[in-house]
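Next comes coords_6.cif, with mmCIF, C-alpha atoms.
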```cif
data_structure
#
loop_
_atom_site.label_atom_id
_atom_site.label_comp_id
_atom_site.auth_asym_id
_atom_site.auth_seq_id
_atom_site.Cartn_x
_atom_site.Cartn_y
_atom_site.Cartn_z
CA MET A 1362 50.88 88.12 91.18
CA ASN A 1363 49.68 85.63 93.83
CA PHE A 1364 51.39 85.20 97.18
CA ARG A 1365 48.53 83.52 99.02
CA THR A 1366 50.63 80.36 99.41
CA LEU A 1367 52.92 82.17 101.88
CA PHE A 1368 50.51 82.66 104.59
CA LEU A 1369 47.94 81.56 106.11
CA TRP A 1370 46.95 81.04 109.24
CA LEU A 1371 43.38 82.29 111.71
CA VAL A 1372 40.52 81.13 113.17
CA VAL A 1373 38.41 78.93 115.15
CA ALA A 1374 34.84 78.81 116.07
CA SER A 1375 34.26 81.20 118.92
CA SER A 1376 33.35 78.35 121.26
CA ALA A 1377 36.68 76.64 120.67
CA ALA A 1378 38.60 79.87 121.15
CA CYS A 1379 36.82 80.58 124.42
CA SER A 1380 37.50 77.06 125.65
CA VAL A 1381 41.23 77.42 125.03
CA ALA A 1382 41.35 80.86 126.62
CA SER A 1383 39.71 79.63 129.82
CA ALA A 1384 41.82 76.49 130.24
CA SER A 1385 45.06 77.50 128.55
CA VAL A 1386 48.30 76.14 129.97
CA SER A 1387 50.67 77.68 127.45
CA VAL A 1388 50.66 80.58 125.01
CA GLU A 1389 53.34 81.09 122.37
CA ARG A 1390 53.67 84.18 120.18
CA ARG A 1391 55.72 83.92 117.00
CA THR A 1392 56.53 86.77 114.61
CA TYR A 1393 57.75 86.15 111.06
CA GLN A 1394 59.13 88.48 108.41
CA ILE A 1395 58.00 88.03 104.81
CA ASP A 1396 60.46 88.87 102.04
CA VAL A 1397 59.66 88.97 98.33
CA ASP A 1398 62.67 88.90 96.00
CA GLY A 1399 64.94 89.67 98.94
CA LYS A 1400 63.02 92.76 100.13
CA PRO A 1401 61.01 92.99 103.37
CA SER A 1402 57.38 93.03 102.22
CA GLY A 1403 55.22 91.98 105.14
CA PHE A 1404 54.74 90.03 108.34
CA HIS A 1405 52.98 87.01 109.74
CA ARG A 1406 52.12 86.90 113.45
CA MET A 1407 50.90 83.74 115.19
CA VAL A 1408 49.54 83.01 118.64
CA ILE A 1409 49.55 79.32 119.60
CA GLN A 1410 47.49 78.21 122.60
CA GLU A 1411 47.29 74.73 124.13
CA ASP A 1412 44.83 73.76 126.83
CA GLU A 1413 44.93 70.98 129.41
CA SER A 1414 43.06 68.59 127.12
CA GLY A 1415 45.68 68.89 124.36
CA GLN A 1416 43.61 71.06 122.02
CA LEU A 1417 45.74 73.49 119.99
CA VAL A 1418 44.44 76.75 118.58
CA MET A 1419 46.62 78.85 116.30
CA THR A 1420 45.37 82.34 115.43
CA SER A 1421 47.27 84.45 112.95
CA GLU A 1422 47.38 87.62 110.91
CA ALA A 1423 49.50 88.32 107.84
CA GLU A 1424 49.97 91.24 105.50
CA VAL A 1425 52.03 91.64 102.32
CA HIS A 1426 52.53 94.79 100.28
CA VAL A 1427 54.59 94.76 97.08
CA GLN A 1428 55.15 97.63 94.68
CA LYS A 1429 57.14 97.19 91.47
CA TRP A 1430 56.90 99.90 88.87
CA ILE A 1431 53.17 100.29 88.22
CA ILE A 1432 52.27 97.00 89.91
CA HIS A 1433 50.77 97.20 93.39
CA TYR A 1434 50.01 93.98 95.27
CA ASN A 1435 48.23 93.90 98.63
CA TYR A 1436 47.28 90.87 100.69
CA ARG A 1437 45.71 90.54 104.14
CA TYR A 1438 44.85 87.40 106.08
CA ARG A 1439 43.17 86.76 109.42
CA GLY A 1440 42.53 83.21 110.53
CA ALA A 1441 42.41 80.54 113.21
CA GLU A 1442 43.00 76.80 113.15
CA SER A 1443 41.90 74.26 115.75
CA TRP A 1444 43.81 70.97 116.10
CA ARG A 1445 43.47 67.93 118.34
CA GLY A 1446 45.56 64.77 118.29
CA GLY A 1447 47.53 66.05 115.31
CA ARG A 1448 44.40 66.53 113.19
CA LEU A 1449 42.65 69.66 111.96
CA THR A 1450 39.20 70.08 113.54
CA GLY A 1451 38.27 73.66 112.65
CA LEU A 1452 39.28 76.60 110.48
CA GLN A 1453 37.93 80.07 109.88
CA ALA A 1454 39.75 82.54 107.63
CA GLN A 1455 39.13 85.91 106.07
CA SER A 1456 41.47 87.23 103.39
CA SER A 1457 41.70 90.02 100.86
CA GLU A 1458 43.91 89.93 97.78
CA ASN A 1459 44.04 93.24 95.91
CA ASN A 1460 40.71 94.16 97.54
CA ARG A 1461 39.06 90.86 96.53
CA PRO A 1462 37.68 89.39 99.79
CA SER A 1463 37.17 85.73 100.59
CA THR A 1464 35.88 83.80 103.61
CA VAL A 1465 36.62 80.15 104.41
CA ARG A 1466 35.05 78.11 107.20
CA LEU A 1467 35.79 74.48 108.00
CA VAL A 1468 34.04 72.22 110.50
CA GLU A 1469 34.34 68.56 111.44
CA LYS A 1470 31.49 66.35 110.16
CA GLU A 1471 31.75 62.65 111.10
CA GLN A 1472 34.30 61.14 108.68
CA VAL A 1473 35.06 64.30 106.66
CA LEU A 1474 35.80 67.99 106.99
CA GLN A 1475 33.17 70.31 105.53
CA VAL A 1476 34.57 73.43 103.85
CA ASN A 1477 32.46 76.49 103.12
CA VAL A 1478 34.08 78.98 100.73
CA ASP A 1479 31.98 82.11 100.22
CA GLY A 1480 28.83 80.01 100.57
CA LYS A 1481 29.94 77.06 98.41
CA VAL A 1482 30.25 73.84 100.44
CA THR A 1483 32.61 70.96 99.66
CA GLU A 1484 34.16 68.09 101.64
CA VAL A 1485 37.78 67.13 102.22
CA PRO A 1486 39.29 64.13 104.04
CA LYS A 1487 40.15 64.55 107.72
CA ASP A 1488 43.82 63.75 107.19
CA VAL A 1489 44.85 67.15 105.78
CA TRP A 1490 47.66 69.61 106.47
CA THR A 1491 47.23 73.38 106.19
CA ASP A 1492 49.48 75.61 104.08
CA THR A 1493 50.26 77.85 107.00
CA TYR A 1494 52.77 75.11 107.85
CA TRP A 1495 52.75 76.41 111.43
CA HIS A 1496 53.53 72.96 112.83
CA LEU A 1497 54.40 69.49 111.57
CA PRO A 1498 52.22 66.72 113.05
CA GLU A 1499 54.13 63.55 113.95
CA ARG A 1500 52.31 61.43 111.38
CA PHE A 1501 53.49 63.69 108.54
CA LYS A 1502 57.18 63.22 109.32
CA GLY A 1503 59.21 61.18 106.85
CA CYS A 1504 58.39 60.47 103.21
CA ARG A 1505 54.72 60.24 102.31
CA THR A 1506 51.93 61.66 100.21
CA ILE A 1507 49.75 64.26 101.92
CA THR A 1508 46.67 66.34 101.16
CA LEU A 1509 47.37 70.05 101.57
CA LEU A 1510 44.56 72.53 102.27
CA GLU A 1511 44.98 76.15 101.15
CA CYS A 1512 43.48 78.10 104.03
CA ASP A 1513 42.42 81.23 102.17
CA SER A 1514 40.77 79.46 99.23
CA GLY A 1515 39.66 76.06 100.55
CA GLU A 1516 41.41 74.34 97.63
CA ARG A 1517 43.22 71.05 98.24
CA PHE A 1518 46.39 69.72 96.64
CA THR A 1519 48.16 66.36 96.53
CA CYS A 1520 51.79 66.70 97.59
CA SER A 1521 54.80 64.68 98.63
CA LEU A 1522 56.74 65.55 101.79
CA LYS A 1523 60.35 64.45 102.17
CA LEU A 1524 62.96 65.07 104.84
CA VAL A 1525 66.05 66.71 103.32
CA GLY A 1526 68.11 66.77 106.54
CA GLN A 1527 69.17 68.83 109.55
CA GLU A 1528 70.38 72.37 108.88
CA ALA A 1529 71.38 75.44 110.90
CA VAL A 1530 68.94 78.34 110.46
CA ASN A 1531 69.21 81.91 111.78
CA CYS A 1532 66.14 82.71 113.88
CA GLY A 1533 66.17 86.33 114.98
CA GLY A 1534 69.90 86.30 115.62
CA HIS A 1535 69.94 82.83 117.18
CA ILE A 1536 71.12 79.76 115.28
CA GLN A 1537 68.87 76.70 115.55
CA SER A 1538 69.25 73.20 114.24
CA CYS A 1539 66.17 72.66 112.09
CA SER A 1540 64.62 69.82 110.11
CA HIS A 1541 64.46 70.75 106.43
CA TYR A 1542 61.52 69.27 104.51
CA ARG A 1543 60.71 69.59 100.83
CA LEU A 1544 57.14 69.72 99.57
CA GLY A 1545 56.60 68.52 96.01
CA GLY A 1546 53.79 67.65 93.62
CA ASP A 1547 50.95 70.14 93.19
CA ARG A 1548 52.79 72.60 95.45
CA VAL A 1549 56.56 73.06 95.71
CA SER A 1550 58.14 74.56 98.81
CA ASP A 1551 61.08 74.22 101.21
CA ILE A 1552 60.11 74.27 104.90
CA TRP A 1553 62.22 74.26 108.08
CA PHE A 1554 60.93 73.23 111.54
CA ASP A 1555 62.53 73.55 114.96
CA CYS A 1556 62.99 70.62 117.40
CA GLY A 1557 59.42 71.15 118.62
CA GLY A 1558 57.98 70.81 115.13
CA LYS A 1559 57.11 74.53 114.80
CA LEU A 1560 57.68 76.53 111.62
CA VAL A 1561 60.96 78.44 111.38
CA LYS A 1562 61.24 79.20 107.67
CA GLU A 1563 59.40 78.60 104.40
CA SER A 1564 60.38 79.54 100.85
CA HIS A 1565 58.99 79.02 97.37
CA ILE A 1566 58.88 80.54 93.90
CA ASP A 1567 55.56 82.12 92.92
CA ASP A 1568 55.05 83.63 89.46
CA GLY A 1569 58.83 83.92 89.15
CA HIS A 1570 59.23 85.70 92.51
CA LEU A 1571 61.07 84.26 95.51
CA ALA A 1572 58.91 84.46 98.62
CA VAL A 1573 60.42 83.70 102.04
CA ILE A 1574 58.85 83.73 105.49
CA GLN A 1575 61.28 83.50 108.42
CA LEU A 1576 60.94 83.51 112.19
CA LYS A 1577 62.19 86.69 113.86
CA GLN A 1578 60.85 86.41 117.42
CA SER A 1579 59.27 83.80 119.68
CA GLN A 1580 57.90 84.16 123.22
CA ILE A 1581 56.31 81.51 125.45
CA ALA A 1582 54.17 82.23 128.51
CA GLN A 1583 52.71 79.74 130.97
CA LYS A 1584 49.30 80.18 132.58
#
```

Write-out of the structure in C-alpha coordinates:
Amino acid sequence: MNFRTLFLWLVVASSAACSVASASVSVERRTYQIDVDGKPSGFHRMVIQEDESGQLVMTSEAEVHVQKWIIHYNYRYRGAESWRGGRLTGLQAQSSENNRPSTVRLVEKEQVLQVNVDGKVTEVPKDVWTDTYWHLPERFKGCRTITLLECDSGERFTCSLKLVGQEAVNCGGHIQSCSHYRLGGDRVSDIWFDCGGKLVKESHIDDGHLAVIQLKQSQIAQK
(Lines of atoms letter the chains of each structure in order from A and count residues from 1; the text may use other names and numbers.)
(Lines give C-alpha, C1' and ligand atoms only; values in the text may rest on other atoms or scores of the structure.)
Protein backbone atom coordinates (compact mmCIF):
# COMPACT_ATOMS: atom_id res chain seq x y z
CA MET A 1 0.00 0.00 0.00
CA ASN A 2 1.52 3.36 -1.01
CA PHE A 3 0.10 6.69 0.10
CA ARG A 4 3.18 8.82 -0.54
CA THR A 5 1.26 10.79 -3.18
CA LEU A 6 -0.91 12.37 -0.48
CA PHE A 7 1.69 14.33 1.21
CA LEU A 8 4.41 15.95 0.93
CA TRP A 9 5.67 18.87 1.89
CA LEU A 10 9.36 20.17 4.15
CA VAL A 11 12.38 21.73 3.80
CA VAL A 12 14.74 24.28 2.75
CA ALA A 13 18.36 24.83 3.08
CA SER A 14 19.06 26.23 6.51
CA SER A 15 20.28 29.52 5.04
CA ALA A 16 17.00 30.06 3.22
CA ALA A 17 14.97 29.22 6.30
CA CYS A 18 16.97 31.63 8.44
CA SER A 19 16.55 34.37 5.85
CA VAL A 20 12.78 34.00 5.87
CA ALA A 21 12.62 33.87 9.65
CA SER A 22 14.56 37.11 10.01
CA ALA A 23 12.64 39.10 7.39
CA SER A 24 9.24 37.44 7.50
CA VAL A 25 6.18 39.61 6.92
CA SER A 26 3.55 36.89 7.13
CA VAL A 27 3.24 33.42 8.61
CA GLU A 28 0.33 31.09 7.86
CA ARG A 29 -0.31 27.78 9.61
CA ARG A 30 -2.59 25.26 7.93
CA THR A 31 -3.72 21.93 9.38
CA TYR A 32 -5.19 19.16 7.21
CA GLN A 33 -6.87 15.89 8.08
CA ILE A 34 -6.01 12.80 6.05
CA ASP A 35 -8.72 10.18 5.53
CA VAL A 36 -8.22 6.77 3.93
CA ASP A 37 -11.40 5.01 2.80
CA GLY A 38 -13.46 7.47 4.81
CA LYS A 39 -11.61 6.97 8.11
CA PRO A 40 -9.35 9.56 9.80
CA SER A 41 -5.84 8.19 9.33
CA GLY A 42 -3.40 11.05 9.74
CA PHE A 43 -2.58 14.73 9.45
CA HIS A 44 -0.58 17.18 7.41
CA ARG A 45 0.58 20.44 8.99
CA MET A 46 2.07 23.29 6.97
CA VAL A 47 3.74 26.56 7.90
CA ILE A 48 3.98 29.08 5.04
CA GLN A 49 6.32 32.06 5.42
CA GLU A 50 6.80 34.96 3.02
CA ASP A 51 9.51 37.58 3.39
CA GLU A 52 9.74 41.13 2.09
CA SER A 53 11.53 40.00 -1.08
CA GLY A 54 8.69 37.66 -2.07
CA GLN A 55 10.47 34.42 -1.18
CA LEU A 56 8.08 31.71 0.04
CA VAL A 57 9.10 28.87 2.32
CA MET A 58 6.66 26.10 3.15
CA THR A 59 7.67 23.64 5.88
CA SER A 60 5.48 20.66 6.61
CA GLU A 61 5.07 17.43 8.51
CA ALA A 62 2.68 14.58 7.73
CA GLU A 63 1.88 11.22 9.27
CA VAL A 64 -0.43 8.41 8.18
CA HIS A 65 -1.24 5.23 10.05
CA VAL A 66 -3.54 2.59 8.56
CA GLN A 67 -4.42 -0.79 10.03
CA LYS A 68 -6.64 -3.25 8.17
CA TRP A 69 -6.73 -6.81 9.41
CA ILE A 70 -3.08 -7.90 9.49
CA ILE A 71 -1.90 -5.00 7.33
CA HIS A 72 -0.14 -2.14 9.09
CA TYR A 73 0.91 0.91 7.08
CA ASN A 74 2.95 3.77 8.54
CA TYR A 75 4.20 6.87 6.78
CA ARG A 76 6.06 9.95 8.06
CA TYR A 77 7.22 13.00 6.15
CA ARG A 78 9.18 16.11 7.10
CA GLY A 79 10.07 18.63 4.45
CA ALA A 80 10.52 22.20 3.28
CA GLU A 81 10.11 23.89 -0.08
CA SER A 82 11.53 27.25 -1.16
CA TRP A 83 9.80 29.22 -3.95
CA ARG A 84 10.47 32.54 -5.64
CA GLY A 85 8.53 34.12 -8.49
CA GLY A 86 6.27 31.07 -8.72
CA ARG A 87 9.20 28.69 -9.22
CA LEU A 88 10.70 26.02 -6.99
CA THR A 89 14.24 26.92 -5.87
CA GLY A 90 14.93 24.43 -3.08
CA LEU A 91 13.62 21.27 -1.45
CA GLN A 92 14.75 19.05 1.38
CA ALA A 93 12.64 16.11 2.55
CA GLN A 94 12.97 13.15 4.85
CA SER A 95 10.38 10.38 4.80
CA SER A 96 9.82 6.90 6.14
CA GLU A 97 7.38 4.41 4.65
CA ASN A 98 6.94 1.27 6.75
CA ASN A 99 10.35 2.00 8.33
CA ARG A 100 12.07 2.44 4.94
CA PRO A 101 13.76 5.87 5.12
CA SER A 102 14.50 8.18 2.22
CA THR A 103 16.12 11.61 1.87
CA VAL A 104 15.62 14.04 -1.02
CA ARG A 105 17.50 17.29 -1.57
CA LEU A 106 16.99 19.71 -4.44
CA VAL A 107 19.04 22.78 -5.31
CA GLU A 108 18.99 25.29 -8.15
CA LYS A 109 21.82 24.90 -10.68
CA GLU A 110 21.82 27.42 -13.55
CA GLN A 111 19.16 26.19 -16.01
CA VAL A 112 18.09 23.04 -14.12
CA LEU A 113 17.21 21.74 -10.68
CA GLN A 114 19.60 19.16 -9.26
CA VAL A 115 17.93 16.39 -7.25
CA ASN A 116 19.84 14.17 -4.83
CA VAL A 117 17.92 11.07 -3.71
CA ASP A 118 19.82 9.02 -1.14
CA GLY A 119 23.08 9.98 -2.84
CA LYS A 120 21.95 9.50 -6.45
CA VAL A 121 21.95 12.78 -8.40
CA THR A 122 19.67 13.60 -11.34
CA GLU A 123 18.42 16.79 -13.01
CA VAL A 124 14.90 18.08 -13.62
CA PRO A 125 13.69 21.18 -15.48
CA LYS A 126 13.10 24.33 -13.45
CA ASP A 127 9.44 24.56 -14.43
CA VAL A 128 8.14 21.87 -12.04
CA TRP A 129 5.28 21.63 -9.55
CA THR A 130 5.51 19.64 -6.31
CA ASP A 131 3.00 16.97 -5.30
CA THR A 132 2.34 18.63 -1.98
CA TYR A 133 0.04 20.84 -4.06
CA TRP A 134 0.29 23.44 -1.27
CA HIS A 135 -0.22 26.30 -3.71
CA LEU A 136 -1.02 26.82 -7.39
CA PRO A 137 1.39 29.19 -9.17
CA GLU A 138 -0.29 31.59 -11.60
CA ARG A 139 1.42 30.10 -14.65
CA PHE A 140 -0.08 26.67 -13.92
CA LYS A 141 -3.68 27.91 -14.02
CA GLY A 142 -5.80 26.83 -16.96
CA CYS A 143 -5.22 23.84 -19.25
CA ARG A 144 -1.63 22.81 -19.83
CA THR A 145 0.91 20.04 -19.50
CA ILE A 146 3.10 20.19 -16.39
CA THR A 147 6.01 18.30 -14.87
CA LEU A 148 5.17 17.05 -11.38
CA LEU A 149 7.90 16.30 -8.83
CA GLU A 150 7.23 13.71 -6.11
CA CYS A 151 8.85 15.25 -3.06
CA ASP A 152 9.62 12.10 -1.11
CA SER A 153 11.11 10.13 -4.01
CA GLY A 154 12.48 12.73 -6.43
CA GLU A 155 10.59 11.08 -9.30
CA ARG A 156 8.99 13.26 -11.97
CA PHE A 157 5.77 12.74 -13.90
CA THR A 158 4.16 14.31 -16.96
CA CYS A 159 0.61 15.43 -16.20
CA SER A 160 -2.21 17.54 -17.54
CA LEU A 161 -3.94 20.13 -15.35
CA LYS A 162 -7.45 21.29 -16.18
CA LEU A 163 -9.86 23.63 -14.43
CA VAL A 164 -13.14 21.82 -13.68
CA GLY A 165 -14.94 24.85 -12.18
CA GLN A 166 -15.86 26.68 -8.99
CA GLU A 167 -17.28 24.60 -6.14
CA ALA A 168 -18.27 25.11 -2.50
CA VAL A 169 -16.01 23.18 -0.10
CA ASN A 170 -16.34 22.77 3.68
CA CYS A 171 -13.15 23.99 5.37
CA GLY A 172 -13.26 23.34 9.09
CA GLY A 173 -16.93 24.26 9.33
CA HIS A 174 -16.69 27.22 6.94
CA ILE A 175 -17.87 27.02 3.34
CA GLN A 176 -15.46 28.44 0.75
CA SER A 177 -15.78 28.88 -2.97
CA CYS A 178 -12.85 26.93 -4.41
CA SER A 179 -11.33 26.32 -7.83
CA HIS A 180 -11.50 22.61 -8.66
CA TYR A 181 -8.65 21.31 -10.84
CA ARG A 182 -8.16 17.82 -12.21
CA LEU A 183 -4.71 16.32 -12.64
CA GLY A 184 -4.39 13.65 -15.32
CA GLY A 185 -1.73 11.67 -17.16
CA ASP A 186 0.94 9.90 -15.12
CA ARG A 187 -0.83 10.96 -11.91
CA VAL A 188 -4.59 11.34 -11.41
CA SER A 189 -5.99 13.56 -8.68
CA ASP A 190 -8.71 16.11 -7.91
CA ILE A 191 -7.46 19.27 -6.19
CA TRP A 192 -9.30 22.29 -4.77
CA PHE A 193 -7.70 25.71 -4.11
CA ASP A 194 -9.05 28.76 -2.29
CA CYS A 195 -9.17 32.28 -3.80
CA GLY A 196 -5.55 32.80 -2.74
CA GLY A 197 -4.37 29.72 -4.62
CA LYS A 198 -3.70 27.67 -1.45
CA LEU A 199 -4.61 24.00 -1.11
CA VAL A 200 -7.99 23.22 0.46
CA LYS A 201 -8.60 19.61 -0.54
CA GLU A 202 -7.00 16.81 -2.55
CA SER A 203 -8.29 13.32 -3.33
CA HIS A 204 -7.16 10.34 -5.37
CA ILE A 205 -7.39 6.56 -5.58
CA ASP A 206 -4.24 4.68 -4.59
CA ASP A 207 -4.07 0.88 -4.81
CA GLY A 208 -7.87 0.82 -4.72
CA HIS A 209 -8.09 3.03 -1.61
CA LEU A 210 -9.63 6.52 -1.54
CA ALA A 211 -7.24 9.00 0.05
CA VAL A 212 -8.43 12.51 0.92
CA ILE A 213 -6.60 15.42 2.52
CA GLN A 214 -8.79 18.34 3.62
CA LEU A 215 -8.15 21.66 5.35
CA LYS A 216 -9.41 21.82 8.92
CA GLN A 217 -7.79 24.99 10.30
CA SER A 218 -5.91 28.03 9.01
CA GLN A 219 -4.28 30.88 10.95
CA ILE A 220 -2.40 33.91 9.60
CA ALA A 221 -0.06 36.10 11.65
CA GLN A 222 1.70 39.28 10.55
CA LYS A 223 5.20 40.20 11.70

List the residues matched by the PyMOL selection byres ((chain A and resi 1555) around 8) in the displayed structure as a PDB file with C-alpha atoms, in the coordinates of the input, ordered by chain and then by residue number.
```
ATOM      1  CA  GLN A1537      68.870  76.700 115.550  1.00  0.00           C
ATOM      2  CA  SER A1538      69.250  73.200 114.240  1.00  0.00           C
ATOM      3  CA  CYS A1539      66.170  72.660 112.090  1.00  0.00           C
ATOM      4  CA  SER A1540      64.620  69.820 110.110  1.00  0.00           C
ATOM      5  CA  TRP A1553      62.220  74.260 108.080  1.00  0.00           C
ATOM      6  CA  PHE A1554      60.930  73.230 111.540  1.00  0.00           C
ATOM      7  CA  CYS A1556      62.990  70.620 117.400  1.00  0.00           C
ATOM      8  CA  GLY A1557      59.420  71.150 118.620  1.00  0.00           C
ATOM      9  CA  GLY A1558      57.980  70.810 115.130  1.00  0.00           C
ATOM     10  CA  LYS A1559      57.110  74.530 114.800  1.00  0.00           C
ATOM     11  CA  LEU A1560      57.680  76.530 111.620  1.00  0.00           C
ATOM     12  CA  VAL A1561      60.960  78.440 111.380  1.00  0.00           C
TER      13      VAL A1561
END
```

ask   = Applied to the shown file, which residues does the PyMOL selection byres ((chain A and resi 1543) around 7) return, written as a ChimeraX atom specification?
value = /A:1522-1525,1541-1542,1544-1545,1550-1552

task = Can you turn the PyMOL selection byres ((chain A and resi 1417-1420) around 7) into a concrete residue list for this file, as number ranges by chain?
result = A: 1370-1372, 1407-1412, 1415-1416, 1421, 1440-1445

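The space separating atom CA of A:Val1478 from atom CA of A:Glu1422 comes to 18.8 Å.
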
query = Hey, which of A:Asp1396, A:Thr1450, A:Gln1575, A:Gly1569 ends up closest to A:His1426? Count all atoms listed in the file.
reply =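 Of A:Asp1396, A:Thr1450, A:Gln1575, A:Gly1569, the one nearest A:His1426 is A:Asp1396, counting all atoms listed in the file.
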
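Going from atom CA of A:Lys1400 to atom CA of A:Ser1457 covers 21.5 Å.
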
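Distance check against A:Ile1507 using all atoms listed in the file: of A:Leu1449, A:Val1397, A:Val1489, A:Ile1581, the minimum falls on A:Val1489.
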
With 5 Å of padding per side, what axis-aligned box (centre and edge lengths, Å, one decimal) covers all the listed atoms of stretch 1496-1507 of chain A? Give it as lines of an AutoDock Vina configuration file.
```
center_x = 54.5
center_y = 66.6
center_z = 107.1
size_x = 19.5
size_y = 22.7
size_z = 23.7
```

query = Between A:Val1468, A:Val1485, A:Ile1432, A:Val1549, which has the minimum distance to A:Glu1563 (counting all atoms listed in the file)?
reply = A:Val1549
